[in-house]
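Below is one structure, written out as structure tokens; comments come after it.
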Amino acid sequence: MNPKIKTLLSVSLIIVLTIILHYIGWLRPVENFLRTTIKPGSQVLYSISIKIGEENKEFSSTEELKKAYLDLNSELISYKAMAIDDELLKQENTELRQQLDFKIRNNYTTIGAQVIGKNIDPLGNTIIVDKGEQDGIREHYPVITNDGVFIGKVVRVETHASIIRLINDNQSKIAATVINKDKSIGIVEGGYGISVRMNYIPQNENVNTGETIITSGLEDFTPKGLLIGTIEAVEKEAYQPFQTAILKPLVNLEKISLVSIIKIEE
């Protein structure tokens with residue numbers, strides 16, 4: 001018989017015999033002895049250790065490690081949520097302090113409100129706040145944020161909520177003045193929620209980029225001197241009676257969370 005075949009048959013026979021003896025139970029004493037002998041070594045091999053800071057954590061199974069990971073991940077998410085809440089609280093406190101300082105300096109009566117919604121009209125830009133008629137708010141009242149930055153007017157009032165049309169809304173029109181030598185006047189108008197322009201500036205007056213735009217006070221319900229924005233570019237065509245300034249609002253109109261509504265005595 002070929003030696004290789006003979007060896008293969010012998011090995012196969014031993015394997016089959018071992019399986020049979022295992023199921024019969026005759027190998028149990030030997031298995032118990034071997035299990036007891038290698039147990040310390042197996043615990044070392046299968047034990048997983050993780051060092052966190054100065055503390056060692058040992059896990060005797062992958063299930064225990066998985067549970068520890070899930071618990072740690074849950075704690076991490078909680079810490080991140082707390083950090084976000086803390087940052088939002090700091091931002092709100094900063095905005096509230098700025099609005100309070102503006103109110104004290106100018107002796108305005110204001111009503112603080114929180115933004116609770118925003119419109120979805122692609123041609124306009126309005127927000128909803130949580131104060132309304134019951135809180136003393138009326139239509140046309142001007143709305144500011146931060147340190148007296150004008151952002152729009154109240155256009156509709158309900159019992160417990162109000163709608164504010166922002167300055168970049170397509171229907172917004174505000175009488176304004178440029179802080180320059182000529183004290184140029186014009187109308188600040190919105191452009192479909194995307195841009196803000198100051199139109200009808202007299203052609204013969206000199207306006208430049210970087211100059212500040214404020215409310216002129218030449219309309220009802222809007223006091224003079226509220227900050228609106230700065231000039232980013234000037235559009236001036238020959239033989240036209242007026243020129244146009246493209247403005248950059250002083251606040252991000254898409255990220256307003258707190259506002260102050262100026263109460264106007266009628």
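Residue names in the structure tokens use chain letters A, B, ... in the order shown, residue numbers from 1 in each chain, and ligand numbers from 1 in the order shown.
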
Check: Contacts of Phe242 in chain A at 8 Å or less, counting only C-alpha atoms, minus same-chain residues fewer than 6 places along, as a list of chain:residue names?
Finding: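 The residues that qualify are A:Asn199, A:Tyr200, A:Ile201, A:Pro202, A:Gln203, A:Lys236.
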
Next item on the list: May I have the residues within 7 Å of range 213-227 of chain A as a list in words, using only C-alpha atoms and disregarding those fewer than 6 positions away in the same chain?
Entry: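 Selected residues are His140, Tyr141, Pro142, Gly148, Val149, Phe150, Ala175, Ala176, Thr177, Val178, Ile179 and Ile264 of chain A.
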
Convert the current residue selection to file output with N, CA, C and O atoms, as a compact mmCIF listing (two decimals), in the first residue's frame.
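Listing of part.txt after writing:
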```txt
# COMPACT_ATOMS: atom_id res chain seq x y z
N HIS A 140 -47.06 96.98 11.97
CA HIS A 140 -46.13 98.05 11.57
C HIS A 140 -45.05 98.34 12.61
O HIS A 140 -44.15 99.15 12.33
N TYR A 141 -45.10 97.70 13.78
CA TYR A 141 -44.05 97.94 14.76
C TYR A 141 -42.71 97.46 14.19
O TYR A 141 -42.62 96.38 13.60
N PRO A 142 -41.63 98.26 14.37
CA PRO A 142 -40.31 97.84 13.89
C PRO A 142 -39.71 96.76 14.78
O PRO A 142 -40.01 96.70 15.99
N GLY A 148 -29.49 96.75 18.34
CA GLY A 148 -30.32 97.71 17.64
C GLY A 148 -30.30 97.60 16.13
O GLY A 148 -30.53 98.59 15.44
N VAL A 149 -30.05 96.40 15.60
CA VAL A 149 -30.03 96.21 14.15
C VAL A 149 -31.46 95.97 13.67
O VAL A 149 -32.12 95.01 14.09
N PHE A 150 -31.90 96.82 12.76
CA PHE A 150 -33.26 96.72 12.23
C PHE A 150 -33.34 95.55 11.24
O PHE A 150 -32.53 95.44 10.32
N ALA A 175 -37.76 103.41 4.41
CA ALA A 175 -37.10 104.69 4.17
C ALA A 175 -35.77 104.71 4.91
O ALA A 175 -35.71 104.43 6.12
N ALA A 176 -34.69 105.02 4.18
CA ALA A 176 -33.36 104.90 4.77
C ALA A 176 -32.47 106.07 4.40
O ALA A 176 -32.74 106.83 3.48
N THR A 177 -31.34 106.17 5.14
CA THR A 177 -30.36 107.23 4.93
C THR A 177 -28.96 106.63 4.94
O THR A 177 -28.66 105.72 5.73
N VAL A 178 -28.09 107.15 4.05
CA VAL A 178 -26.68 106.75 4.05
C VAL A 178 -25.91 107.69 4.98
O VAL A 178 -26.12 108.91 4.95
N ILE A 179 -25.05 107.11 5.81
CA ILE A 179 -24.21 107.95 6.67
C ILE A 179 -23.03 108.43 5.83
O ILE A 179 -21.94 107.83 5.80
N ILE A 264 -44.34 101.43 19.55
CA ILE A 264 -44.48 102.83 19.13
C ILE A 264 -45.75 103.41 19.71
O ILE A 264 -46.84 102.84 19.56
```

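Relative to CA of Gly186 in chain A, CA of Thr145 in chain A is found at 22.6 Å.
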
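Of all the residues in range 96-233 of chain A, the ones DSSP labels as helix (DSSP H, G or I) from the backbone are Leu96, Arg97, Gln98, Gln99, Leu100, Asp101, Phe102, Lys103, Ile104, Arg105, Asn106, Glu133, Gln134 and Asp135 of chain A.
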
With all heavy atoms retained, write the just-selected residues as a tab-separated table (two decimals), in the first residue's frame.
```tsv
chain	number	residue	atom	x	y	z
A	96	LEU	N	-29.42	88.91	24.16
A	96	LEU	CA	-30.31	89.59	25.11
A	96	LEU	C	-29.62	90.80	25.75
A	96	LEU	O	-30.23	91.85	25.92
A	96	LEU	CB	-30.76	88.61	26.20
A	96	LEU	CG	-31.81	87.58	25.78
A	96	LEU	CD1	-32.00	86.53	26.87
A	96	LEU	CD2	-33.14	88.26	25.47
A	97	ARG	N	-28.33	90.65	26.09
A	97	ARG	CA	-27.59	91.78	26.67
A	97	ARG	C	-27.47	92.93	25.68
A	97	ARG	O	-27.63	94.10	26.05
A	97	ARG	CB	-26.19	91.33	27.11
A	97	ARG	CG	-26.17	90.55	28.42
A	97	ARG	CD	-24.77	90.50	28.99
A	97	ARG	NE	-23.83	89.87	28.08
A	97	ARG	CZ	-23.58	88.57	28.04
A	97	ARG	NH1	-24.21	87.76	28.88
A	97	ARG	NH2	-22.71	88.08	27.19
A	98	GLN	N	-27.20	92.60	24.41
A	98	GLN	CA	-27.09	93.65	23.39
A	98	GLN	C	-28.41	94.39	23.21
A	98	GLN	O	-28.44	95.62	23.12
A	98	GLN	CB	-26.64	93.03	22.07
A	98	GLN	CG	-25.19	92.54	22.08
A	98	GLN	CD	-24.83	91.81	20.81
A	98	GLN	OE1	-25.69	91.29	20.10
A	98	GLN	NE2	-23.54	91.78	20.50
A	99	GLN	N	-29.50	93.64	23.14
A	99	GLN	CA	-30.81	94.27	22.96
A	99	GLN	C	-31.19	95.10	24.18
A	99	GLN	O	-31.79	96.17	24.06
A	99	GLN	CB	-31.86	93.20	22.66
A	99	GLN	CG	-31.64	92.53	21.31
A	99	GLN	CD	-32.64	91.41	21.05
A	99	GLN	OE1	-33.78	91.50	21.45
A	99	GLN	NE2	-32.20	90.37	20.35
A	100	LEU	N	-30.83	94.63	25.38
A	100	LEU	CA	-31.12	95.38	26.60
A	100	LEU	C	-30.31	96.68	26.64
A	100	LEU	O	-30.84	97.74	27.01
A	100	LEU	CB	-30.81	94.52	27.83
A	100	LEU	CG	-31.07	95.18	29.20
A	100	LEU	CD1	-32.52	95.57	29.34
A	100	LEU	CD2	-30.65	94.23	30.33
A	101	ASP	N	-29.02	96.60	26.25
A	101	ASP	CA	-28.18	97.80	26.22
A	101	ASP	C	-28.76	98.83	25.24
A	101	ASP	O	-28.79	100.03	25.53
A	101	ASP	CB	-26.75	97.43	25.80
A	101	ASP	CG	-26.03	96.64	26.87
A	101	ASP	OD1	-26.49	96.66	28.02
A	101	ASP	OD2	-25.01	96.00	26.55
A	102	PHE	N	-29.21	98.37	24.08
A	102	PHE	CA	-29.80	99.28	23.09
A	102	PHE	C	-31.05	99.94	23.66
A	102	PHE	O	-31.26	101.15	23.50
A	102	PHE	CB	-30.14	98.51	21.82
A	102	PHE	CG	-30.89	99.31	20.80
A	102	PHE	CD1	-30.24	100.17	19.95
A	102	PHE	CD2	-32.28	99.21	20.71
A	102	PHE	CE1	-30.94	100.94	19.02
A	102	PHE	CE2	-32.99	99.97	19.79
A	102	PHE	CZ	-32.31	100.83	18.94
A	103	LYS	N	-31.88	99.16	24.32
A	103	LYS	CA	-33.11	99.68	24.90
A	103	LYS	C	-32.81	100.76	25.95
A	103	LYS	O	-33.45	101.82	25.97
A	103	LYS	CB	-33.91	98.54	25.54
A	103	LYS	CG	-35.15	98.98	26.30
A	103	LYS	CD	-35.82	97.79	26.96
A	103	LYS	CE	-36.99	98.24	27.81
A	103	LYS	NZ	-37.64	97.10	28.49
A	104	ILE	N	-31.80	100.51	26.78
A	104	ILE	CA	-31.46	101.47	27.84
A	104	ILE	C	-30.91	102.76	27.23
A	104	ILE	O	-31.26	103.86	27.64
A	104	ILE	CB	-30.43	100.84	28.81
A	104	ILE	CG1	-31.09	99.68	29.59
A	104	ILE	CG2	-29.87	101.89	29.77
A	104	ILE	CD1	-30.12	98.88	30.43
A	105	ARG	N	-30.03	102.62	26.21
A	105	ARG	CA	-29.43	103.81	25.60
A	105	ARG	C	-30.46	104.69	24.90
A	105	ARG	O	-30.35	105.91	24.89
A	105	ARG	CB	-28.36	103.39	24.57
A	105	ARG	CG	-27.11	102.79	25.16
A	105	ARG	CD	-25.97	102.81	24.14
A	105	ARG	NE	-26.38	102.32	22.84
A	105	ARG	CZ	-26.29	101.05	22.47
A	105	ARG	NH1	-25.83	100.15	23.33
A	105	ARG	NH2	-26.64	100.67	21.26
A	106	ASN	N	-31.46	104.07	24.27
A	106	ASN	CA	-32.40	104.83	23.45
A	106	ASN	C	-33.75	105.06	24.10
A	106	ASN	O	-34.63	105.68	23.51
A	106	ASN	CB	-32.59	104.11	22.12
A	106	ASN	CG	-31.33	104.10	21.28
A	106	ASN	OD1	-31.04	105.04	20.56
A	106	ASN	ND2	-30.57	103.01	21.38
A	133	GLU	N	-50.89	89.97	19.99
A	133	GLU	CA	-51.77	91.07	20.41
A	133	GLU	C	-51.91	91.13	21.92
A	133	GLU	O	-51.95	92.21	22.51
A	133	GLU	CB	-53.14	90.89	19.75
A	133	GLU	CG	-54.09	92.04	20.00
A	133	GLU	CD	-55.41	91.86	19.26
A	133	GLU	OE1	-55.61	90.79	18.65
A	133	GLU	OE2	-56.24	92.79	19.30
A	134	GLN	N	-51.97	89.99	22.55
A	134	GLN	CA	-52.13	89.95	24.00
A	134	GLN	C	-50.92	90.56	24.71
A	134	GLN	O	-51.01	91.02	25.84
A	134	GLN	CB	-52.33	88.50	24.46
A	134	GLN	CG	-52.62	88.34	25.94
A	134	GLN	CD	-53.04	86.93	26.29
A	134	GLN	OE1	-54.00	86.39	25.75
A	134	GLN	NE2	-52.31	86.32	27.21
A	135	ASP	N	-49.77	90.57	24.04
A	135	ASP	CA	-48.55	91.13	24.63
A	135	ASP	C	-48.35	92.60	24.26
A	135	ASP	O	-47.32	93.19	24.60
A	135	ASP	CB	-47.35	90.31	24.15
A	135	ASP	CG	-47.49	88.84	24.48
A	135	ASP	OD1	-47.35	88.49	25.65
A	135	ASP	OD2	-47.77	88.04	23.55
```
